[in-house]
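Listing of run.cif, mmCIF, C-alpha atoms
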data_protein
#
loop_
_atom_site.group_PDB
_atom_site.id
_atom_site.type_symbol
_atom_site.label_atom_id
_atom_site.label_comp_id
_atom_site.auth_asym_id
_atom_site.auth_seq_id
_atom_site.Cartn_x
_atom_site.Cartn_y
_atom_site.Cartn_z
ATOM 1 C CA MET A 20 -165.418 80.283 162.327
ATOM 2 C CA SER A 21 -168.005 77.719 161.316
ATOM 3 C CA TRP A 22 -170.062 78.018 158.156
ATOM 4 C CA PRO A 23 -173.465 78.544 159.805
ATOM 5 C CA ASP A 24 -172.134 81.685 161.508
ATOM 6 C CA PRO A 25 -174.208 84.688 160.273
ATOM 7 C CA ALA A 26 -171.138 86.978 160.424
ATOM 8 C CA ARG A 27 -169.651 85.185 157.451
ATOM 9 C CA ARG A 28 -170.616 87.002 154.258
ATOM 10 C CA GLU A 29 -168.388 85.573 151.469
ATOM 11 C CA GLU A 30 -168.225 81.847 151.156
ATOM 12 C CA PRO A 31 -165.833 80.097 148.725
ATOM 13 C CA ALA A 32 -167.387 77.987 145.996
ATOM 14 C CA GLU A 33 -165.886 74.790 147.459
ATOM 15 C CA ASP A 34 -167.519 75.469 150.817
ATOM 16 C CA ALA A 35 -170.884 76.191 149.178
ATOM 17 C CA ALA A 36 -170.666 72.927 147.203
ATOM 18 C CA LEU A 37 -169.875 70.978 150.358
ATOM 19 C CA ARG A 38 -172.714 72.662 152.234
ATOM 20 C CA LEU A 39 -175.205 71.780 149.509
ATOM 21 C CA GLU A 40 -173.916 68.211 149.504
ATOM 22 C CA LEU A 41 -174.332 67.989 153.267
ATOM 23 C CA GLN A 42 -177.851 69.426 153.107
ATOM 24 C CA GLY A 43 -178.771 66.781 150.556
ATOM 25 C CA MET A 44 -177.315 64.021 152.769
ATOM 26 C CA LEU A 45 -179.170 65.277 155.824
ATOM 27 C CA GLY A 46 -182.430 65.620 153.945
ATOM 28 C CA LEU A 47 -182.733 69.374 154.526
ATOM 29 C CA PRO A 48 -184.445 71.499 151.932
ATOM 30 C CA LYS A 49 -182.152 73.113 149.349
ATOM 31 C CA GLY A 50 -181.794 76.806 149.690
ATOM 32 C CA PRO A 51 -180.624 79.130 152.423
ATOM 33 C CA ALA A 52 -179.994 77.543 155.782
ATOM 34 C CA PRO A 53 -182.802 78.001 158.275
ATOM 35 C CA ARG A 54 -182.197 80.395 161.169
ATOM 36 C CA VAL A 55 -181.957 77.829 163.886
ATOM 37 C CA GLU A 56 -179.479 77.440 166.660
ATOM 38 C CA PRO A 57 -176.979 74.684 165.625
ATOM 39 C CA THR A 58 -176.574 71.657 167.821
ATOM 40 C CA GLU A 59 -173.282 70.195 169.025
ATOM 41 C CA ALA A 60 -173.382 67.465 166.346
ATOM 42 C CA GLN A 61 -173.944 70.036 163.615
ATOM 43 C CA ILE A 62 -171.070 72.189 164.866
ATOM 44 C CA ALA A 63 -168.733 69.146 164.866
ATOM 45 C CA LEU A 64 -169.936 68.220 161.387
ATOM 46 C CA ALA A 65 -169.391 71.806 160.204
ATOM 47 C CA GLU A 66 -165.833 71.774 161.551
ATOM 48 C CA ASP A 67 -165.164 68.482 159.771
ATOM 49 C CA LEU A 68 -166.523 69.944 156.540
ATOM 50 C CA ARG A 69 -164.379 73.055 156.967
ATOM 51 C CA ARG A 70 -161.251 70.952 157.490
ATOM 52 C CA GLU A 71 -162.132 68.851 154.433
ATOM 53 C CA ALA A 72 -162.654 72.002 152.366
ATOM 54 C CA LEU A 73 -159.285 73.371 153.486
ATOM 55 C CA ARG A 74 -157.603 70.058 152.702
ATOM 56 C CA ARG A 75 -159.146 69.956 149.234
ATOM 57 C CA ARG A 76 -158.277 73.576 148.586
ATOM 58 C CA HIS A 77 -154.614 73.002 149.449
ATOM 59 C CA THR A 78 -154.258 69.637 147.706
ATOM 60 C CA PRO A 79 -153.183 70.204 144.064
ATOM 61 C CA ASN A 80 -154.674 68.477 141.024
ATOM 62 C CA LEU A 81 -157.603 66.594 142.536
ATOM 63 C CA VAL A 82 -159.634 66.933 139.369
ATOM 64 C CA PRO A 83 -160.225 63.353 138.181
ATOM 65 C CA LEU A 84 -159.683 64.161 134.472
ATOM 66 C CA LYS A 85 -156.348 65.818 135.136
ATOM 67 C CA ARG A 86 -154.380 63.041 136.797
ATOM 68 C CA ARG A 87 -150.638 63.469 137.302
ATOM 69 C CA ARG A 88 -148.480 60.767 135.790
ATOM 70 C CA PRO A 89 -145.614 59.301 137.733
ATOM 71 C CA LEU A 90 -142.120 60.468 136.883
ATOM 72 C CA TRP A 91 -140.958 57.070 135.681
ATOM 73 C CA THR A 92 -143.535 57.096 132.849
ATOM 74 C CA LEU A 93 -142.152 60.416 131.632
ATOM 75 C CA VAL A 94 -138.619 59.036 131.821
ATOM 76 C CA ALA A 95 -139.696 55.883 129.980
ATOM 77 C CA ALA A 96 -141.354 57.982 127.268
ATOM 78 C CA GLY A 97 -138.237 60.143 126.828
ATOM 79 C CA LEU A 98 -135.768 57.245 126.884
ATOM 80 C CA PRO A 99 -136.043 56.325 123.150
ATOM 81 C CA LEU A 100 -135.448 59.964 122.221
ATOM 82 C CA VAL A 101 -132.393 60.196 124.452
ATOM 83 C CA LEU A 102 -131.020 56.897 123.135
ATOM 84 C CA GLY A 103 -131.608 58.003 119.540
ATOM 85 C CA LEU A 104 -129.778 61.286 120.086
ATOM 86 C CA ALA A 105 -126.923 59.483 121.827
ATOM 87 C CA GLY A 106 -126.670 57.032 118.913
ATOM 88 C CA ILE A 107 -126.583 59.843 116.370
ATOM 89 C CA GLY A 108 -123.926 61.639 118.407
ATOM 90 C CA LEU A 109 -121.818 58.494 118.651
ATOM 91 C CA TYR A 110 -122.133 57.932 114.892
ATOM 92 C CA GLY A 111 -121.051 61.540 114.270
ATOM 93 C CA VAL A 112 -118.014 61.168 116.525
ATOM 94 C CA GLN A 113 -117.067 57.943 114.724
ATOM 95 C CA GLN A 114 -117.364 59.601 111.317
ATOM 96 C CA LYS A 115 -115.289 62.588 112.441
ATOM 97 C CA ARG A 116 -112.545 60.306 113.737
ATOM 98 C CA ARG A 117 -112.563 58.362 110.460
ATOM 99 C CA ALA A 118 -112.419 61.594 108.437
ATOM 100 C CA ASP A 119 -109.501 62.852 110.549
ATOM 101 C CA GLU A 120 -107.614 59.589 109.976
ATOM 102 C CA LEU A 121 -108.207 59.809 106.224
ATOM 103 C CA ALA A 122 -107.075 63.443 106.163
ATOM 104 C CA ALA A 123 -103.884 62.494 108.012
ATOM 105 C CA ALA A 124 -103.250 59.670 105.516
ATOM 106 C CA VAL A 125 -103.773 62.063 102.596
ATOM 107 C CA ARG A 126 -101.343 64.586 104.119
ATOM 108 C CA GLN A 127 -98.772 61.812 104.600
ATOM 109 C CA LYS A 128 -99.160 60.637 100.978
ATOM 110 C CA GLU A 129 -98.833 64.218 99.709
ATOM 111 C CA ALA A 130 -95.644 64.686 101.729
ATOM 112 C CA GLU A 131 -94.258 61.419 100.332
ATOM 113 C CA ASN A 132 -95.179 62.482 96.780
ATOM 114 C CA ASP A 133 -93.456 65.866 97.287
ATOM 115 C CA ARG A 134 -90.320 64.121 98.565
ATOM 116 C CA LEU A 135 -90.294 61.746 95.582
ATOM 117 C CA ARG A 136 -90.917 64.638 93.184
ATOM 118 C CA ARG A 137 -87.914 66.517 94.626
ATOM 119 C CA ILE A 138 -85.708 63.409 94.351
ATOM 120 C CA HIS A 139 -86.816 62.913 90.735
ATOM 121 C CA GLN A 140 -86.210 66.588 89.924
ATOM 122 C CA ASP A 141 -82.699 66.392 91.451
ATOM 123 C CA ALA A 142 -81.958 63.274 89.358
ATOM 124 C CA LEU A 143 -83.161 65.035 86.206
ATOM 125 C CA ASP A 144 -80.988 68.061 87.005
ATOM 126 C CA ARG A 145 -77.928 65.827 87.512
ATOM 127 C CA GLN A 146 -78.667 64.011 84.254
ATOM 128 C CA ARG A 147 -78.901 67.331 82.364
ATOM 129 C CA VAL A 148 -75.579 68.464 83.827
ATOM 130 C CA LEU A 149 -73.963 65.180 82.752
ATOM 131 C CA GLU A 150 -75.471 65.486 79.275
ATOM 132 C CA ASP A 151 -74.188 69.079 79.001
ATOM 133 C CA GLN A 152 -70.708 67.999 80.087
ATOM 134 C CA THR A 153 -70.746 65.101 77.621
ATOM 135 C CA LEU A 154 -71.883 67.414 74.824
ATOM 136 C CA ASN A 155 -69.140 69.931 75.668
ATOM 137 C CA LEU A 156 -66.519 67.176 75.601
ATOM 138 C CA GLN A 157 -67.827 65.899 72.278
ATOM 139 C CA GLN A 158 -67.730 69.380 70.809
ATOM 140 C CA ALA A 159 -64.194 69.938 72.126
ATOM 141 C CA SER A 160 -63.018 66.650 70.663
ATOM 142 C CA ALA A 161 -64.624 67.495 67.323
ATOM 143 C CA ARG A 162 -62.569 70.712 67.167
ATOM 144 C CA THR A 163 -59.244 68.939 67.609
ATOM 145 C CA PRO A 164 -57.814 67.134 64.577
ATOM 146 C CA LYS A 165 -58.242 63.445 64.476
ATOM 147 C CA GLY A 166 -55.139 61.354 64.337
ATOM 148 C CA PRO A 167 -52.245 60.502 66.573
ATOM 149 C CA ARG A 168 -51.408 63.212 68.989
ATOM 150 C CA GLN A 169 -47.892 64.494 69.004
ATOM 151 C CA LEU A 170 -45.976 66.500 71.508
ATOM 152 C CA VAL A 171 -44.980 69.924 70.279
ATOM 153 C CA LEU A 172 -42.027 71.669 71.957
ATOM 154 C CA PRO A 173 -41.069 75.249 71.354
ATOM 155 C CA VAL A 174 -37.523 75.754 70.008
ATOM 156 C CA ASN A 175 -35.272 78.741 70.428
ATOM 157 C CA LYS A 176 -34.120 80.006 67.041
ATOM 158 C CA PRO A 177 -30.406 80.094 66.501
ATOM 159 C CA ALA A 178 -29.275 83.107 64.608
ATOM 160 C CA GLU A 179 -27.443 81.263 61.855
ATOM 161 C CA ARG A 180 -30.042 78.833 60.844
ATOM 162 C CA GLN A 181 -33.553 79.324 59.930
ATOM 163 C CA LEU A 182 -35.586 76.452 61.323
ATOM 164 C CA PRO A 183 -39.268 76.214 61.607
ATOM 165 C CA GLU A 184 -40.653 77.744 64.722
ATOM 166 C CA ASN A 185 -41.980 74.531 66.208
ATOM 167 C CA LEU A 186 -40.221 71.262 66.131
ATOM 168 C CA THR A 187 -42.274 68.068 66.123
ATOM 169 C CA VAL A 188 -40.884 65.240 68.164
ATOM 170 C CA SER A 189 -42.276 61.835 67.451
ATOM 171 C CA ASN A 190 -40.767 60.001 70.425
ATOM 172 C CA PRO A 191 -39.967 62.316 73.312
ATOM 173 C CA ARG A 192 -38.133 59.690 75.434
ATOM 174 C CA ARG A 193 -34.988 59.433 73.362
#
Take the structure from the file and write it as structure tokens.
Amino acid sequence: MSWPDPARREEPAEDAALRLELQGMLGLPKGPAPRVEPTEAQIALAEDLRREALRRRHTPNLVPLKRRRPLWTLVAAGLPLVLGLAGIGLYGVQQKRRADELAAAVRQKEAENDRLRRIHQDALDRQRVLEDQTLNLQQASARTPKGPRQLVLPVNKPAERQLPENLTVSNPRR
């Protein structure tokens, strides 16, 4: 259906703008279209205008102020942000690895210190036992009389003589 058709009641704003533009180019007076029978050239021109209006209506973002930017510019704008985040992430991973290594070294040193502490405690315990044994021997030797030791043999008492109960032998090998 062409735009000069009287059966058409509602006209989109784009079509009205194109019609006014065409009227200005043709030198027709502005206002409602005159009631004249259209010629073949006008009908062809109207069809071209209709096709152009449909094309413009279905083509997105043709407003000159609102131009779409190519995808590579958006990628280029976001690249420093992505690189910065990747650098921070890499630094964090490095620091975590370093902290884990230090924690493992601390655990190893603590285990070594515990082992050395146990060895030292065992040595102290052995030394105390030796000191106690030495002290006991010293106390036992202090209780015995000092001087040459002599062998004491028990003697059976004969009925006729009265001898001392124990006989001291100075040289037992005779």
So that I can check the surroundings of Asp34 in chain A, please list as a PDB file with C-alpha atoms, in the frame of the given file every protein, DNA and RNA residue that reaches within 9 Å of it, counting only C-alpha atoms and ignoring chain neighbours fewer than 4 positions away.
ATOM      1  CA  TRP A  22    -170.062  78.018 158.156  1.00  0.00           C
ATOM      2  CA  GLU A  30    -168.225  81.847 151.156  1.00  0.00           C
ATOM      3  CA  ARG A  38    -172.714  72.662 152.234  1.00  0.00           C
ATOM      4  CA  LEU A  39    -175.205  71.780 149.509  1.00  0.00           C
ATOM      5  CA  LEU A  68    -166.523  69.944 156.540  1.00  0.00           C
ATOM      6  CA  ARG A  69    -164.379  73.055 156.967  1.00  0.00           C
ATOM      7  CA  ALA A  72    -162.654  72.002 152.366  1.00  0.00           C
ATOM      8  CA  LEU A  73    -159.285  73.371 153.486  1.00  0.00           C
TER       9      LEU A  73
END
So that all listed atoms of range 54-68 of chain A fit with 8 Å spare on each side, what axis-aligned box centre and edge lengths in Å, to one decimal, would you give as lines of an AutoDock Vina configuration file?
center_x = -173.7
center_y = 73.9
center_z = 162.8
size_x = 33.0
size_y = 28.9
size_z = 28.5
Provide the CA of Leu172 in chain A to CA of Leu156 in chain A distance in Å, to one decimal place.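 We find that CA of Leu172 in chain A and CA of Leu156 in chain A lie 25.2 Å from each other.
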Calculate how many Å separate CA of Gly46 in chain A from CA of Leu64 in chain A, rounding to one decimal. 14.8 Å
Could you work out how far CA of Glu29 in chain A lies from CA of Met44 in chain A, giving the answer in Å with one decimal?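 So the two atoms, CA of Met44 in chain A and CA of Glu29 in chain A, lie 23.4 Å apart.
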